[in-house]
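Quick look at input05.cif (mmCIF, C-alpha atoms and all ligand atoms):
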data_entry
loop_
_atom_site.label_atom_id
_atom_site.label_comp_id
_atom_site.auth_asym_id
_atom_site.auth_seq_id
_atom_site.Cartn_x
_atom_site.Cartn_y
_atom_site.Cartn_z
CA MET A 1 -6.37 -17.66 4.12
CA PRO A 2 -3.51 -19.89 5.40
CA SER A 3 -2.13 -21.96 2.58
CA ASN A 4 -2.87 -25.65 2.45
CA LEU A 5 -0.80 -26.28 -0.65
CA PRO A 6 1.35 -29.40 -0.43
CA ILE A 7 5.03 -28.87 -1.00
CA ALA A 8 4.94 -31.00 -4.16
CA ALA A 9 2.41 -28.60 -5.70
CA LEU A 10 4.58 -25.63 -4.76
CA LYS A 11 7.60 -27.31 -6.30
CA THR A 12 5.70 -27.88 -9.54
CA ILE A 13 4.72 -24.21 -9.65
CA ALA A 14 8.18 -22.92 -8.72
CA CYS A 15 9.75 -25.06 -11.44
CA ARG A 16 7.57 -23.41 -14.10
CA PHE A 17 9.75 -20.31 -13.67
CA ALA A 18 13.14 -19.97 -15.31
CA ILE A 19 15.14 -20.44 -12.13
CA LEU A 20 18.42 -22.32 -12.37
CA GLY A 21 19.31 -24.99 -9.81
CA ASP A 22 17.47 -27.37 -7.50
CA PHE A 23 14.26 -26.58 -5.62
CA LEU A 24 14.91 -27.02 -1.89
CA GLY A 25 11.62 -25.94 -0.34
CA ALA A 26 9.00 -23.22 0.11
CA GLN A 27 7.35 -21.61 3.16
CA PRO A 28 4.43 -19.19 3.56
CA TYR A 29 5.95 -15.74 3.91
CA GLY A 30 5.00 -12.26 5.15
CA ASN A 31 1.83 -10.77 6.59
CA GLY A 32 -0.09 -9.58 3.54
CA HIS A 33 -3.89 -9.66 3.78
CA ILE A 34 -4.61 -10.46 0.13
CA ASN A 35 -2.38 -12.83 -1.83
CA GLU A 36 -0.73 -16.10 -0.91
CA THR A 37 2.98 -15.47 -0.62
CA PHE A 38 5.77 -18.02 -0.30
CA ALA A 39 9.54 -17.83 -0.01
CA ALA A 40 10.94 -20.57 -2.26
CA VAL A 41 14.56 -21.67 -1.87
CA PHE A 42 16.77 -22.98 -4.67
CA ASP A 43 20.33 -24.31 -4.61
CA GLN A 44 22.25 -22.53 -7.33
CA GLY A 45 25.85 -23.61 -7.70
CA GLY A 46 26.08 -24.38 -4.00
CA THR A 47 24.43 -21.15 -2.81
CA GLU A 48 20.90 -21.00 -1.46
CA LEU A 49 18.85 -18.30 -3.14
CA ARG A 50 15.32 -17.24 -2.21
CA TYR A 51 12.51 -16.21 -4.52
CA ILE A 52 9.06 -14.80 -3.79
CA LEU A 53 6.31 -16.96 -5.24
CA GLN A 54 2.81 -15.50 -5.14
CA ARG A 55 -0.61 -16.80 -6.02
CA ILE A 56 -2.74 -13.79 -6.94
CA ASN A 57 -6.06 -13.59 -5.13
CA GLY A 58 -8.53 -14.26 -7.94
CA TYR A 59 -11.57 -13.45 -5.78
CA ILE A 60 -10.32 -9.89 -5.39
CA PHE A 61 -8.46 -9.31 -8.65
CA LYS A 62 -10.89 -10.22 -11.41
CA GLU A 63 -8.41 -9.63 -14.25
CA PRO A 64 -5.07 -10.92 -12.98
CA LEU A 65 -3.46 -10.98 -16.43
CA LYS A 66 -4.13 -7.28 -16.94
CA LEU A 67 -2.85 -6.69 -13.43
CA MET A 68 0.38 -8.43 -14.40
CA GLU A 69 0.71 -6.18 -17.46
CA ASN A 70 0.53 -3.18 -15.09
CA VAL A 71 3.24 -4.67 -12.89
CA ALA A 72 5.52 -5.25 -15.87
CA HIS A 73 4.99 -1.71 -17.24
CA VAL A 74 5.58 -0.07 -13.88
CA THR A 75 8.62 -2.08 -12.87
CA ASN A 76 10.24 -1.69 -16.32
CA HIS A 77 9.69 2.06 -16.26
CA ILE A 78 11.20 2.45 -12.80
CA ARG A 79 14.12 0.14 -13.60
CA ARG A 80 14.99 2.23 -16.66
CA LYS A 81 14.96 5.40 -14.56
CA LEU A 82 17.14 3.88 -11.85
CA GLU A 83 19.62 2.64 -14.44
CA ALA A 84 19.68 6.01 -16.18
CA SER A 85 20.52 7.67 -12.87
CA GLY A 86 23.57 5.41 -12.56
CA LEU A 87 22.36 3.37 -9.58
CA LYS A 88 23.90 -0.09 -9.46
CA ASP A 89 21.73 -2.21 -7.16
CA THR A 90 18.52 -1.90 -9.16
CA THR A 91 17.36 -5.44 -8.34
CA ARG A 92 17.09 -4.35 -4.69
CA ARG A 93 15.39 -1.04 -5.55
CA VAL A 94 12.59 -2.22 -7.78
CA MET A 95 10.69 -5.50 -7.92
CA THR A 96 12.02 -7.85 -10.61
CA LEU A 97 9.72 -10.41 -12.19
CA VAL A 98 11.23 -13.80 -13.00
CA LYS A 99 9.95 -15.08 -16.34
CA THR A 100 8.45 -18.51 -16.85
CA LEU A 101 10.19 -21.14 -18.97
CA GLU A 102 8.04 -19.93 -21.87
CA GLY A 103 9.11 -16.31 -21.31
CA ALA A 104 5.84 -15.06 -19.75
CA ASP A 105 5.52 -12.88 -16.64
CA TYR A 106 3.12 -15.31 -14.94
CA HIS A 107 2.08 -18.93 -14.80
CA VAL A 108 -1.52 -20.13 -14.83
CA ASP A 109 -1.95 -23.38 -12.87
CA GLY A 110 -4.34 -26.27 -13.58
CA GLU A 111 -7.07 -24.58 -11.54
CA GLY A 112 -6.76 -21.30 -13.42
CA CYS A 113 -4.93 -19.50 -10.59
CA VAL A 114 -2.29 -17.00 -11.63
CA TRP A 115 1.18 -17.22 -10.11
CA ARG A 116 4.14 -14.89 -10.34
CA CYS A 117 7.69 -15.01 -9.12
CA TYR A 118 9.92 -12.13 -7.99
CA LEU A 119 13.56 -11.93 -7.07
CA PHE A 120 13.76 -11.92 -3.28
CA VAL A 121 15.14 -8.61 -2.03
CA GLU A 122 17.67 -9.73 0.58
CA GLY A 123 19.16 -7.68 3.40
CA ALA A 124 15.98 -5.67 3.89
CA LYS A 125 12.80 -6.10 5.88
CA SER A 126 9.21 -4.92 6.01
CA TYR A 127 7.71 -3.83 9.34
CA ASP A 128 4.17 -4.25 10.61
CA ILE A 129 4.60 -1.73 13.43
CA ILE A 130 6.62 1.43 13.13
CA ALA A 131 9.69 1.60 15.36
CA SER A 132 11.11 5.11 14.87
CA PRO A 133 10.58 8.42 13.08
CA ALA A 134 13.58 7.51 10.92
CA GLN A 135 11.64 4.50 9.63
CA ALA A 136 8.60 6.67 8.98
CA PHE A 137 10.76 9.14 7.05
CA GLN A 138 12.36 6.41 4.92
CA THR A 139 9.02 4.76 4.22
CA ALA A 140 7.43 7.99 3.05
CA LYS A 141 10.49 8.97 1.05
CA ALA A 142 10.42 5.60 -0.74
CA PHE A 143 6.72 5.91 -1.63
CA GLY A 144 7.19 9.58 -2.64
CA THR A 145 10.11 8.63 -4.88
CA PHE A 146 8.11 5.75 -6.36
CA GLN A 147 5.31 8.13 -7.26
CA ARG A 148 7.70 10.73 -8.67
CA HIS A 149 9.37 8.08 -10.82
CA LEU A 150 6.00 7.34 -12.38
CA MET A 151 5.21 10.96 -13.23
CA ASP A 152 6.69 10.60 -16.69
CA TYR A 153 5.35 7.09 -17.27
CA ASP A 154 4.51 7.03 -20.97
CA GLY A 155 3.33 3.46 -21.53
CA PRO A 156 -0.28 2.35 -22.03
CA ARG A 157 -2.80 3.66 -19.49
CA LEU A 158 -2.68 1.40 -16.47
CA PHE A 159 -5.61 -0.90 -15.97
CA GLU A 160 -7.87 -0.25 -12.96
CA THR A 161 -7.29 -3.55 -11.14
CA ILE A 162 -9.99 -2.86 -8.55
CA PRO A 163 -12.48 -0.35 -9.92
CA ARG A 164 -13.25 2.60 -7.61
CA PHE A 165 -10.76 1.24 -5.08
CA HIS A 166 -10.55 4.47 -3.07
CA HIS A 167 -14.05 5.70 -3.84
CA THR A 168 -14.85 6.26 -0.18
CA ARG A 169 -18.50 7.10 -0.88
CA ASP A 170 -18.91 3.66 -2.50
CA ARG A 171 -17.17 2.04 0.45
CA PHE A 172 -19.56 3.83 2.79
CA GLU A 173 -22.65 2.78 0.83
CA THR A 174 -21.36 -0.81 0.76
CA LEU A 175 -21.12 -0.69 4.55
CA LYS A 176 -24.72 0.47 4.78
CA LEU A 177 -25.79 -2.46 2.58
CA ALA A 178 -23.82 -4.88 4.75
CA VAL A 179 -25.54 -3.49 7.86
CA ALA A 180 -28.96 -3.81 6.24
CA GLY A 181 -28.25 -7.33 4.93
CA ASP A 182 -26.58 -8.48 8.16
CA ARG A 183 -25.90 -11.86 6.53
CA CYS A 184 -24.01 -13.25 9.55
CA ASN A 185 -26.20 -11.73 12.29
CA ARG A 186 -23.30 -9.70 13.58
CA ALA A 187 -24.72 -6.18 13.35
CA ALA A 188 -26.19 -6.17 16.86
CA ARG A 189 -22.70 -6.66 18.29
CA VAL A 190 -21.20 -3.69 16.48
CA GLN A 191 -23.78 -0.96 16.98
CA GLN A 192 -21.15 1.42 18.38
CA GLU A 193 -18.87 0.98 15.38
CA ILE A 194 -21.76 1.41 12.95
CA ALA A 195 -22.82 4.59 14.75
CA PHE A 196 -19.25 5.89 14.63
CA ALA A 197 -19.06 5.27 10.88
CA LEU A 198 -22.41 6.96 10.24
CA ALA A 199 -21.38 9.97 12.32
CA HIS A 200 -18.32 10.46 10.10
CA GLU A 201 -20.17 10.14 6.79
CA ALA A 202 -19.17 13.65 5.67
CA LEU A 203 -15.54 12.51 5.41
CA ALA A 204 -16.49 10.06 2.65
CA ASP A 205 -16.90 12.78 0.01
CA SER A 206 -14.09 15.09 1.09
CA LEU A 207 -11.36 14.15 -1.41
CA LEU A 208 -13.78 13.05 -4.12
CA ALA A 209 -15.32 16.52 -4.14
CA LEU A 210 -11.90 18.18 -4.48
CA LYS A 211 -11.00 15.78 -7.27
CA GLU A 212 -14.22 16.57 -9.12
CA LYS A 213 -13.59 20.29 -8.80
CA GLY A 214 -10.23 19.70 -10.45
CA GLU A 215 -8.25 20.85 -7.43
CA LEU A 216 -6.33 17.60 -7.10
CA PRO A 217 -4.49 16.11 -10.08
CA GLU A 218 -4.78 12.51 -11.10
CA ARG A 219 -1.41 10.77 -10.83
CA ILE A 220 -0.19 7.21 -11.01
CA THR A 221 -0.32 6.16 -7.42
CA HIS A 222 0.44 3.02 -5.44
CA ASN A 223 -2.84 2.98 -3.53
CA ASP A 224 -1.73 0.49 -0.86
CA THR A 225 1.11 2.27 0.91
CA LYS A 226 0.89 0.44 4.19
CA LEU A 227 4.07 0.24 6.18
CA ASN A 228 4.73 -3.40 5.37
CA ASN A 229 4.60 -2.76 1.63
CA VAL A 230 8.08 -1.25 1.65
CA LEU A 231 11.41 -2.90 2.45
CA LEU A 232 13.91 -1.00 4.61
CA ASP A 233 17.61 -1.87 4.34
CA ASN A 234 18.82 -3.86 7.37
CA LEU A 235 22.12 -1.98 7.63
CA THR A 236 21.34 1.58 6.61
CA GLY A 237 17.59 1.75 7.28
CA GLU A 238 17.11 3.24 3.81
CA GLY A 239 13.75 2.69 2.11
CA MET A 240 14.91 0.27 -0.58
CA CYS A 241 12.04 -1.26 -2.45
CA VAL A 242 8.33 -0.58 -2.80
CA LEU A 243 6.33 -3.84 -2.88
CA ASP A 244 2.80 -4.97 -3.57
CA LEU A 245 2.18 -3.33 -6.93
CA ASP A 246 -1.27 -4.87 -7.49
CA THR A 247 -3.13 -1.58 -7.08
CA VAL A 248 -0.74 0.77 -8.87
CA MET A 249 -3.12 2.72 -11.11
CA PRO A 250 -4.44 6.24 -11.63
CA GLY A 251 -5.32 7.86 -8.29
CA LEU A 252 -4.62 10.74 -5.94
CA SER A 253 -1.30 11.33 -4.20
CA LEU A 254 -3.30 11.85 -1.03
CA TYR A 255 -4.45 8.24 -1.05
CA ASP A 256 -0.82 7.25 -0.75
CA PHE A 257 0.06 9.71 1.96
CA GLY A 258 -3.15 8.95 3.88
CA ASP A 259 -2.50 5.22 4.05
CA MET A 260 0.98 5.86 5.41
CA VAL A 261 -0.55 7.97 8.18
CA ARG A 262 -2.99 5.16 8.89
CA THR A 263 -0.28 2.52 9.24
CA ALA A 264 2.79 4.40 10.45
CA THR A 265 1.45 6.74 13.14
CA ASN A 266 -0.28 3.96 15.07
CA PRO A 267 2.08 2.57 17.75
CA MET A 268 0.20 -0.74 17.91
CA ALA A 269 -0.64 -3.58 15.53
CA GLU A 270 -3.47 -2.98 13.08
CA ASP A 271 -5.51 -5.63 14.94
CA GLU A 272 -4.60 -4.59 18.51
CA PRO A 273 -7.56 -5.63 20.70
CA ASP A 274 -6.90 -2.93 23.33
CA VAL A 275 -7.74 0.25 21.46
CA ARG A 276 -6.89 2.44 24.46
CA GLN A 277 -3.31 2.00 23.32
CA VAL A 278 -4.01 3.38 19.86
CA SER A 279 -3.31 7.06 19.29
CA VAL A 280 -1.40 9.15 16.78
CA GLN A 281 2.33 9.43 17.36
CA ILE A 282 2.97 12.98 16.25
CA PRO A 283 6.74 12.54 15.55
CA MET A 284 5.84 9.75 13.13
CA PHE A 285 3.40 11.98 11.30
CA GLU A 286 5.98 14.73 11.06
CA ALA A 287 8.62 12.33 9.74
CA LEU A 288 6.14 10.97 7.17
CA ALA A 289 5.34 14.45 5.88
CA LYS A 290 9.02 15.38 5.61
CA GLY A 291 9.95 12.10 3.92
CA TYR A 292 7.10 12.28 1.45
CA LEU A 293 7.92 15.85 0.41
CA GLU A 294 11.56 14.87 0.02
CA GLY A 295 10.67 11.83 -2.09
CA MET A 296 8.34 13.91 -4.27
CA ASP A 297 11.14 16.46 -4.62
CA GLY A 298 8.97 19.53 -5.20
CA ALA A 299 6.33 17.76 -7.32
CA LEU A 300 3.56 17.88 -4.72
CA LEU A 301 1.24 20.81 -5.37
CA PRO A 302 0.24 23.19 -2.56
CA ALA A 303 -3.37 21.98 -2.99
CA GLU A 304 -2.20 18.44 -2.23
CA ARG A 305 0.17 19.42 0.55
CA GLU A 306 -2.56 21.37 2.35
CA ARG A 307 -4.68 18.21 2.59
CA LEU A 308 -2.11 15.85 4.09
CA VAL A 309 -3.90 15.74 7.44
CA LEU A 310 -7.30 15.28 5.82
CA ALA A 311 -5.81 12.43 3.77
CA GLY A 312 -4.72 10.64 6.95
CA LYS A 313 -8.21 10.95 8.39
CA LEU A 314 -9.93 9.87 5.19
CA LEU A 315 -7.85 6.76 4.54
CA THR A 316 -8.10 5.70 8.18
CA PHE A 317 -11.86 6.13 8.00
CA GLU A 318 -12.10 4.27 4.69
CA CYS A 319 -10.10 1.30 5.93
CA GLY A 320 -12.12 1.13 9.16
CA VAL A 321 -15.28 1.09 7.07
CA ARG A 322 -13.86 -1.71 4.89
CA PHE A 323 -12.88 -3.85 7.90
CA LEU A 324 -16.31 -3.34 9.46
CA THR A 325 -18.02 -4.25 6.18
CA ASP A 326 -15.94 -7.41 5.87
CA PHE A 327 -16.68 -8.38 9.47
CA LEU A 328 -20.42 -8.01 8.79
CA ASP A 329 -20.09 -9.96 5.53
CA GLY A 330 -18.36 -12.91 7.22
CA ASP A 331 -14.67 -12.12 6.61
CA ARG A 332 -14.60 -12.84 2.91
CA TYR A 333 -12.15 -10.19 1.70
CA PHE A 334 -9.25 -9.73 4.12
CA ASN A 335 -7.28 -12.80 5.23
CA ILE A 336 -7.96 -13.48 8.90
CA HIS A 337 -6.20 -15.80 11.33
CA ARG A 338 -8.58 -15.57 14.27
CA GLU A 339 -12.15 -14.69 15.19
CA ASN A 340 -13.05 -10.99 15.40
CA GLN A 341 -9.80 -9.97 13.73
CA ASN A 342 -11.56 -7.71 11.24
CA LEU A 343 -13.59 -6.18 14.06
CA ASP A 344 -10.42 -5.44 16.02
CA ARG A 345 -8.88 -3.98 12.87
CA CYS A 346 -11.92 -1.74 12.44
CA ARG A 347 -11.76 -0.58 16.05
CA THR A 348 -8.09 0.41 15.81
CA GLN A 349 -8.85 2.46 12.70
CA PHE A 350 -11.70 4.28 14.40
CA ALA A 351 -9.57 4.90 17.52
CA LEU A 352 -6.82 6.32 15.34
CA LEU A 353 -9.31 8.51 13.47
CA ARG A 354 -10.60 9.89 16.77
CA SER A 355 -7.02 10.63 17.83
CA LEU A 356 -6.24 12.27 14.47
CA GLY A 357 -9.21 14.56 15.05
CA GLU A 358 -7.89 15.48 18.49
CA CYS A 359 -4.47 16.53 17.25
CA GLU A 360 -5.58 17.89 13.89
CA GLU A 361 -4.63 21.48 14.67
CA ARG A 362 -1.12 20.57 15.72
CA LEU A 363 -0.55 18.40 12.66
CA THR A 364 -1.95 21.10 10.37
CA THR A 365 0.37 23.73 11.85
CA PHE A 366 3.30 21.42 11.21
CA VAL A 367 2.32 20.83 7.59
CA GLN A 368 1.93 24.60 7.09
CA SER A 369 5.43 25.20 8.42
CA LEU A 370 6.81 22.57 6.04
CA GLY A 371 4.91 24.20 3.18
CA GLU A 372 6.28 27.64 3.95
CA ALA A 373 9.82 26.23 4.01
CA GLU A 374 9.26 24.44 0.68
CA ASP A 375 7.68 27.50 -0.96
CA SER A 376 10.49 29.78 0.11
CA ALA A 377 13.10 27.25 -1.05
CA SER A 378 11.42 27.03 -4.47
CA SER A 379 11.09 30.80 -4.76
CA ASN A 380 14.81 31.10 -3.97
CA VAL A 381 15.50 28.67 -6.79
CA GLU A 382 13.30 30.71 -9.10
CA THR A 383 15.10 33.86 -8.10
CA ALA A 384 18.42 32.21 -8.84
CA ASN A 385 17.10 31.01 -12.22
CA ASP A 386 15.80 34.49 -13.02
CA ALA A 387 19.19 35.92 -12.14
CA ASN A 388 20.94 33.38 -14.37
CA GLU A 389 18.64 34.23 -17.24
CA ARG A 390 19.34 37.93 -16.85
CA GLN A 391 23.08 37.35 -17.12
P1 LIG A 401 -0.21 -8.97 -0.15
O1 LIG A 401 -0.73 -8.42 -1.43
O2 LIG A 401 -0.92 -10.17 0.32
O3 LIG A 401 -0.12 -7.89 0.90
P2 LIG A 401 2.64 -8.58 -0.63
O4 LIG A 401 2.98 -8.49 -2.07
O5 LIG A 401 2.57 -7.32 0.12
O6 LIG A 401 1.30 -9.45 -0.46
O7 LIG A 401 3.72 -9.54 0.03
C1 LIG A 401 3.59 -9.96 1.39
C2 LIG A 401 4.91 -9.74 2.14
O8 LIG A 401 5.95 -10.51 1.50
C3 LIG A 401 5.43 -8.30 2.13
O9 LIG A 401 4.84 -7.53 3.16
C4 LIG A 401 6.92 -8.52 2.32
O10 LIG A 401 7.24 -8.72 3.68
C5 LIG A 401 7.18 -9.83 1.59
N1 LIG A 401 7.71 -9.64 0.21
C6 LIG A 401 6.96 -9.47 -0.91
N2 LIG A 401 7.74 -9.36 -2.00
C7 LIG A 401 9.03 -9.46 -1.58
C8 LIG A 401 10.32 -9.46 -2.24
N3 LIG A 401 10.44 -9.34 -3.57
N4 LIG A 401 11.43 -9.60 -1.47
C9 LIG A 401 11.32 -9.76 -0.12
N5 LIG A 401 10.14 -9.78 0.54
C10 LIG A 401 9.01 -9.63 -0.15
C1 LIG A 402 -4.67 -4.93 2.11
O1 LIG A 402 -2.43 -6.47 0.56
P1 LIG A 402 -2.14 -5.69 1.79
O2 LIG A 402 -2.19 -6.50 3.03
O3 LIG A 402 -0.83 -4.95 1.60
C2 LIG A 402 -5.57 -4.13 1.17
C3 LIG A 402 -5.42 -2.65 1.46
C4 LIG A 402 -5.80 -2.38 2.91
C5 LIG A 402 -4.92 -3.23 3.80
C6 LIG A 402 -5.33 -3.11 5.25
C7 LIG A 402 -5.78 -4.94 -2.51
O4 LIG A 402 -3.32 -4.59 1.87
O5 LIG A 402 -6.28 -1.90 0.61
O6 LIG A 402 -5.63 -1.02 3.21
O7 LIG A 402 -5.01 -4.62 3.44
N1 LIG A 402 -5.24 -4.42 -0.23
C8 LIG A 402 -6.22 -4.62 -1.13
O8 LIG A 402 -4.32 -3.61 6.05
O9 LIG A 402 -7.41 -4.56 -0.85
MG MG A 403 1.02 -6.20 1.01
#
Would it be possible to restate this file's structure as structure tokens?
Ligand code: ADP
Ligand code: GN1
Ligand code: MG
Amino acid sequence: MPSNLPIAALKTIACRFAILGDFLGAQPYGNGHINETFAAVFDQGGTELRYILQRINGYIFKEPLKLMENVAHVTNHIRRKLEASGLKDTTRRVMTLVKTLEGADYHVDGEGCVWRCYLFVEGAKSYDIIASPAQAFQTAKAFGTFQRHLMDYDGPRLFETIPRFHHTRDRFETLKLAVAGDRCNRAARVQQEIAFALAHEALADSLLALKEKGELPERITHNDTKLNNVLLDNLTGEGMCVLDLDTVMPGLSLYDFGDMVRTATNPMAEDEPDVRQVSVQIPMFEALAKGYLEGMDGALLPAERERLVLAGKLLTFECGVRFLTDFLDGDRYFNIHRENQNLDRCRTQFALLRSLGECEERLTTFVQSLGEAEDSASSNVETANDANERQ
């Protein structure tokens, strides 16, 4: 949804936040599919400073105020941990909410829309297409670290901002309803994609079944770990700051790893019309797995580690199903900028899923080798601990 907000309206909103100085302007910013994001510029003592101003998508997030409580809890928890570890540049390493003049974390405008403002993290960038295994490693390490930082979160239980967000069975059933309803008469054009989705139905229950059996622990997860939801430092390439905290809530670690596979192993844009160019880049997958394990620093259980490849397939499938559903429904959920964009997005997901299937064995062997290395490292540590205790 491209913004049609006049600059005067943006100025009024921006000035509700406790930002010193003069408002200079605001521009739509970034490539998110959900919220409306602007970079607002202020003159502060002769220096131009940017802020991120966001209007939360109220169609998708039904309880934006509870969502904002989640964001405050999560960012405060991570900030405290970063400070305790002695890190200095915490405002570049975790999102920082700017309060309103009344001291709240959000502003509700005259139409009931909820706005928030963040410090702009300068000197870092988000990428829509992966450029190198080093970027994949840093991305996964940042999301792994983010998740590890939340392992000892002890605040109130986080609110489920979108219920059953990664319930792939629900997503699949919703697709079937969209096909049956065919409210825009588009189903005839996408018979191949519908057939592909139906043929992969078994995937829909794969992680849910493991979760129900108690094999996979519930953690606080990000749930939207696409490549452009992390900022990489412009000079060092380091994964600096995890963004887009709207769906941080209880979930499975594998949702987070899977969505990184979906977005960072594809060499093309998510909406690339020529799907022949879409296939898994194995070095990117390998770098993701290494970076994620490093970020999690030993906290990932073998039962989770063994499903990293399955997670990539599942999340790619789920997102393809969601894009196809939205295309059939008339593009009401994901922001689009051109016709057939959701259909192209669906096709890239299905092409990537096919490719993941083709190289599954190779990826699995790699994950096993990483697991063996991690297990032997941790048993060496245990041996050293045992030895210390004996002394
Ligand atoms: P959406 O929910 O629509 O995906 P995001 O919160 O991901 O919106 O923001 C969209 C884009 O804006 C991000 O991909 C990133 O490029 C940029 N962005 C968001 N927050 C910041 C920030 N604090 N500093 C710098 N860039 C940001
Ligand atoms: C949306 O907000 P953004 O663009 O980072 C979506 C994700 C999808 C992704 C597909 C809240 O992410 O779930 O995987 O698009 N976010 C929400 O690109 O639905
Ligand atoms: Mg985003």
Task: Environment of ligand LIG 401 (chain A) within 6 Å, counting all atoms listed in the file, reported as a PyMOL selection string - done: chain A and resi 29-35+37+52+95+118-121+126+228-229+243-244
Open item on the list: From the options A:Asp326, A:Asp246, A:Glu193, A:Glu218, which residue's atoms come nearest to ligand LIG 402 (chain A), counting only C-alpha atoms and all ligand atoms?
Closed with: A:Asp246
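The space between CA of Ala18 in chain A and CA of Phe61 in chain A spans 25.0 Å.
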Could you write out as JSON the box around range 289-292 of chain A (axis-aligned, all atoms listed in the file, 3 Å on each side), with centre and edge lengths in Å to one decimal?
{"center_x": 7.6, "center_y": 13.7, "center_z": 3.7, "size_x": 10.6, "size_y": 9.3, "size_z": 10.4}
Task: Nearest to ligand LIG 402 (chain A) by atom-to-atom distance, counting all atoms listed in the file, from A:Val94, A:Leu310, A:Cys241, A:Ile336 - done: A:Ile336
- [ ] Counting all atoms listed in the file, find the residues whose atoms lie at most 10 Å from (-2.0, 20.1, 5.6) (file coordinates) and write them out as a list of chain:residue names.
- [x] A:Ala289, A:Pro302, A:Ala303, A:Glu304, A:Arg305, A:Glu306, A:Arg307, A:Leu308, A:Val309, A:Leu310, A:Ala311, A:Gly312, A:Glu360, A:Glu361, A:Leu363, A:Thr364, A:Thr365, A:Phe366, A:Val367, A:Gln368, A:Ser369, A:Leu370, A:Gly371
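Shortest separation to Leu245 in chain A among A:Phe146, A:Phe323, A:Phe42, A:Tyr106 occurs at residue A:Phe146, atoms counted being all atoms listed in the file.
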Task: Within 8 Å of His222 in chain A using all atoms listed in the file, minus same-chain residues under 4 positions, as an NGL selection string - done: :A and (143 or 147 or 245 or 247-249 or 256)
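Among the candidates A:Gln135, A:Gln277, A:Thr174, A:Asn223, the one nearest to Leu254 in chain A when counting only C-alpha atoms is A:Asn223.
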Mind listing as a PDB file with C-alpha atoms, keeping the file's coordinate frame all residues within 10 Å of (-1.6, -15.0, -17.4), counting all atoms listed in the file?
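Okay, part-v8.pdb is ready:
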ATOM      1  CA  GLU A  63      -8.410  -9.630 -14.250  1.00  0.00           C
ATOM      2  CA  PRO A  64      -5.070 -10.920 -12.980  1.00  0.00           C
ATOM      3  CA  LEU A  65      -3.460 -10.980 -16.430  1.00  0.00           C
ATOM      4  CA  LYS A  66      -4.130  -7.280 -16.940  1.00  0.00           C
ATOM      5  CA  LEU A  67      -2.850  -6.690 -13.430  1.00  0.00           C
ATOM      6  CA  MET A  68       0.380  -8.430 -14.400  1.00  0.00           C
ATOM      7  CA  GLU A  69       0.710  -6.180 -17.460  1.00  0.00           C
ATOM      8  CA  ALA A 104       5.840 -15.060 -19.750  1.00  0.00           C
ATOM      9  CA  ASP A 105       5.520 -12.880 -16.640  1.00  0.00           C
ATOM     10  CA  TYR A 106       3.120 -15.310 -14.940  1.00  0.00           C
ATOM     11  CA  HIS A 107       2.080 -18.930 -14.800  1.00  0.00           C
ATOM     12  CA  VAL A 108      -1.520 -20.130 -14.830  1.00  0.00           C
ATOM     13  CA  ASP A 109      -1.950 -23.380 -12.870  1.00  0.00           C
ATOM     14  CA  GLY A 112      -6.760 -21.300 -13.420  1.00  0.00           C
ATOM     15  CA  CYS A 113      -4.930 -19.500 -10.590  1.00  0.00           C
ATOM     16  CA  VAL A 114      -2.290 -17.000 -11.630  1.00  0.00           C
ATOM     17  CA  TRP A 115       1.180 -17.220 -10.110  1.00  0.00           C
ATOM     18  CA  ARG A 116       4.140 -14.890 -10.340  1.00  0.00           C
TER      19      ARG A 116
END
Open item on the list: Could you check the closest approach to Ala72 in chain A for each of A:Gly214, A:Gly239, A:Gly258, A:Gly155 and tell me which residue wins, using all atoms listed in the file?
Closed with: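 Looking only at the distances to Ala72 in chain A, the closest residue turns out to be A:Gly155.
Atom pair CA of Asn185 in chain A / CA of Leu328 in chain A has a distance of 7.7 Å (rounded to one decimal).
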Open item on the list: Could you check the closest approach to Thr236 in chain A for each of A:Gly25, A:Gly45, A:Gly123, A:Pro6 and tell me which residue wins, using only C-alpha atoms?
Closed with: A:Gly123
Open item on the list: Show me, as a list of chain:residue names, the residues that have an atom within 8 Å of Glu294 in chain A when counting all atoms listed in the file, minus same-chain residues fewer than 4 positions from it.
Closed with: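 In the requested format, the answer is A:Lys141, A:Gly144, A:Lys290, A:Gly298.
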Preceding selection exported with C-alpha atoms as a CSV table (one decimal), keeping the file's coordinate frame:
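Below is the file again36.csv, written as the result:
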chain,number,residue,atom,x,y,z
A,141,LYS,CA,10.5,9.0,1.0
A,144,GLY,CA,7.2,9.6,-2.6
A,290,LYS,CA,9.0,15.4,5.6
A,298,GLY,CA,9.0,19.5,-5.2
Task: Within 12 Å of range 187-190 of chain A using all atoms listed in the file, minus same-chain residues under 3 positions, as a PyMOL selection string - done: chain A and resi 175-184+193-197+323-330+340+342-344+346-347
